[in-house]
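Quick notes on the structure that follows.
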Amino acid sequence: MASTVTTDEIYERYLRKAITEINRLSHELAQAADGAPTALPTGHPLANIFLLKFGPQAQELQEGVAFHGRAGNALIKSLQRLHVDPMEVYGTNCVKFAGCDLTVAAGWLRRELRIVEPKLVVVMGDDALEFLNGIGFPLSQPVEARVGDLQRFTPTIEALTVPDIDSALDEAPAKTAFWNAFKTIGPWWAALPPY
């Protein structure tokens, strides 16, 4: 007699697989960096929202974690204000460490997108947008620099372009521009089915 596998058990299997693959990728990143400070991806490995910026800041490299520091704090506050569960977010940089080979970095980003399988990629800044459009992700179409507009990236993933968060934190007009684009996530999140 065959046993029935519940939805929760299936999810747990996918989660274990994603954690294993992200850990394997993190190990490869550390080896490729050869001792250089690296900002590893952070967040839930099966997140609905995938945050992407181009390169790590000094605080991220010091702690070894993407979105650590001011940008991460600002994003957590923004997500809370939008009533988005921060446990549904994964964050990474296109370039994980200084001197990283961009072709190799493109392969890593393709793997991250394949592992996480997000429903929304939030692209922060022009450099990240150019990088994402250049990685050749399967079934993807170019994302345009239409700040604050939801676009189709693949048949199953939408994209949202916003200003670079790292350059938006020091001046009020830049903060406002970032917020005005980023807050599109609120209605998008609210419209997701509860399953």
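Identifiers for the structure tokens are assigned positionally: chains receive A, B, ... in sequence, residues are indexed from 1 per chain, and ligands are indexed from 1 in the order shown.
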Contact table range 83-102 of chain A vs range 132-147 of chain A, cut-off 12 Å, shortest pair per residue, only C-alpha atoms, as a Markdown table:
| residue | atom | partner | partner_atom | distance |
| --- | --- | --- | --- | --- |
| A:Asn93 | CA | A:Leu132 | CA | 10.6 |
| A:Cys94 | CA | A:Leu132 | CA | 7.9 |
| A:Val95 | CA | A:Leu132 | CA | 11.2 |
| A:Leu102 | CA | A:Ile135 | CA | 9.6 |
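The residue set within 9 Å of Ala18 in chain A, counting only C-alpha atoms and dropping same-chain residues fewer than 2 places from it, reads A:Arg13, A:Tyr14, A:Leu15, A:Arg16, A:Thr20, A:Glu21, A:Ile22, A:Asn23, A:Pro45, A:Leu46, A:Ile115, A:Val116.
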Test item, alpha helix (DSSP H) assignment across chain A, answer as a PyMOL selection string: chain A and resi 7-33+58-63+70-81+102-116+126-133+165-168+172-182+185-190
CA of Gly55 in chain A to CA of Thr154 in chain A, distance in Å rounded to a single decimal: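 Taking CA of Gly55 in chain A and CA of Thr154 in chain A, their separation equals 23.5 Å.
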Filtered DSSP result for range 13-179 of chain A, state strand (DSSP E), as a ChimeraX atom specification: /A:42-43,49-53,89-93,120-124,150-152,158-162
Convert the current residue selection to file output with N, CA and C atoms, as a compact mmCIF listing (two decimals), in the first residue's frame.
# COMPACT_ATOMS: atom_id res chain seq x y z
N THR A 42 21.56 36.06 1.30
CA THR A 42 20.86 35.95 2.57
C THR A 42 19.37 35.81 2.33
N GLY A 43 18.68 35.21 3.28
CA GLY A 43 17.23 35.12 3.20
C GLY A 43 16.74 33.71 2.99
N ILE A 49 10.11 36.78 -3.07
CA ILE A 49 10.71 38.03 -3.51
C ILE A 49 12.23 37.88 -3.49
N PHE A 50 12.86 38.23 -4.61
CA PHE A 50 14.30 38.09 -4.82
C PHE A 50 14.86 39.49 -5.01
N LEU A 51 15.60 40.00 -4.00
CA LEU A 51 16.21 41.33 -4.09
C LEU A 51 17.58 41.22 -4.73
N LEU A 52 17.86 42.07 -5.71
CA LEU A 52 19.13 42.00 -6.45
C LEU A 52 19.72 43.39 -6.61
N LYS A 53 20.94 43.54 -6.10
CA LYS A 53 21.70 44.77 -6.38
C LYS A 53 23.04 44.37 -6.96
N VAL A 89 11.70 36.78 1.67
CA VAL A 89 12.62 37.58 0.87
C VAL A 89 14.00 36.92 0.85
N TYR A 90 14.63 36.95 -0.31
CA TYR A 90 15.99 36.47 -0.51
C TYR A 90 16.76 37.63 -1.14
N GLY A 91 17.97 37.87 -0.68
CA GLY A 91 18.75 38.98 -1.21
C GLY A 91 20.15 38.57 -1.61
N THR A 92 20.60 39.11 -2.74
CA THR A 92 21.94 38.80 -3.23
C THR A 92 22.48 39.95 -4.06
N ASN A 93 23.78 39.89 -4.31
CA ASN A 93 24.45 40.84 -5.19
C ASN A 93 24.82 40.12 -6.49
N LEU A 120 8.90 37.26 -7.86
CA LEU A 120 9.24 38.65 -8.19
C LEU A 120 10.73 38.89 -7.95
N VAL A 121 11.39 39.48 -8.96
CA VAL A 121 12.78 39.93 -8.81
C VAL A 121 12.75 41.44 -8.74
N VAL A 122 13.31 41.99 -7.66
CA VAL A 122 13.40 43.44 -7.49
C VAL A 122 14.83 43.84 -7.84
N VAL A 123 14.98 44.52 -8.97
CA VAL A 123 16.29 44.88 -9.51
C VAL A 123 16.62 46.30 -9.07
N MET A 124 17.72 46.44 -8.31
CA MET A 124 18.07 47.72 -7.71
C MET A 124 19.22 48.40 -8.46
N LEU A 150 5.80 46.95 -12.75
CA LEU A 150 5.95 45.51 -12.82
C LEU A 150 6.05 45.09 -14.29
N GLN A 151 6.98 44.17 -14.56
CA GLN A 151 7.20 43.67 -15.91
C GLN A 151 7.34 42.16 -15.86
N ARG A 152 7.18 41.52 -16.98
CA ARG A 152 7.36 40.08 -17.08
C ARG A 152 8.84 39.82 -17.37
N GLU A 158 7.96 37.84 -12.32
CA GLU A 158 7.82 39.26 -12.67
C GLU A 158 9.07 39.99 -12.20
N ALA A 159 9.27 41.20 -12.72
CA ALA A 159 10.41 42.02 -12.31
C ALA A 159 9.92 43.42 -11.98
N LEU A 160 10.61 44.03 -11.04
CA LEU A 160 10.35 45.41 -10.65
C LEU A 160 11.70 46.11 -10.58
N THR A 161 11.86 47.19 -11.31
CA THR A 161 13.10 47.96 -11.22
C THR A 161 12.89 49.13 -10.27
N VAL A 162 13.89 49.32 -9.42
CA VAL A 162 13.89 50.42 -8.46
C VAL A 162 15.29 51.05 -8.47
Point-to-point distance from CA of Thr38 in chain A to CA of Ile185 in chain A, Å rounded to tenths: 28.4 Å
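Of note, CA of Thr156 in chain A and CA of Pro56 in chain A are spaced 27.6 Å apart.
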Residue with smallest distance to Pro37 in chain A - pool A:Leu82, A:Leu113, A:Ala58, A:Met87, counting only C-alpha atoms: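 Of all the options, A:Ala58 lies closest to Pro37 in chain A.
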Pick from A:Ala32, A:Glu112, A:Phe153, A:Thr4, whichever lies nearest to Ile19 in chain A using only C-alpha atoms: A:Glu112
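Residue nearest Gly69 in chain A, chosen from A:Gln31, A:Lys17, A:Asp166, A:Gly148 and counting only C-alpha atoms: A:Asp166.
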Which residue of A:Glu117, A:Lys96, A:Glu60, A:Ile10 approaches His44 in chain A most closely, using only C-alpha atoms: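 Smallest separation from His44 in chain A among the options: A:Glu117.
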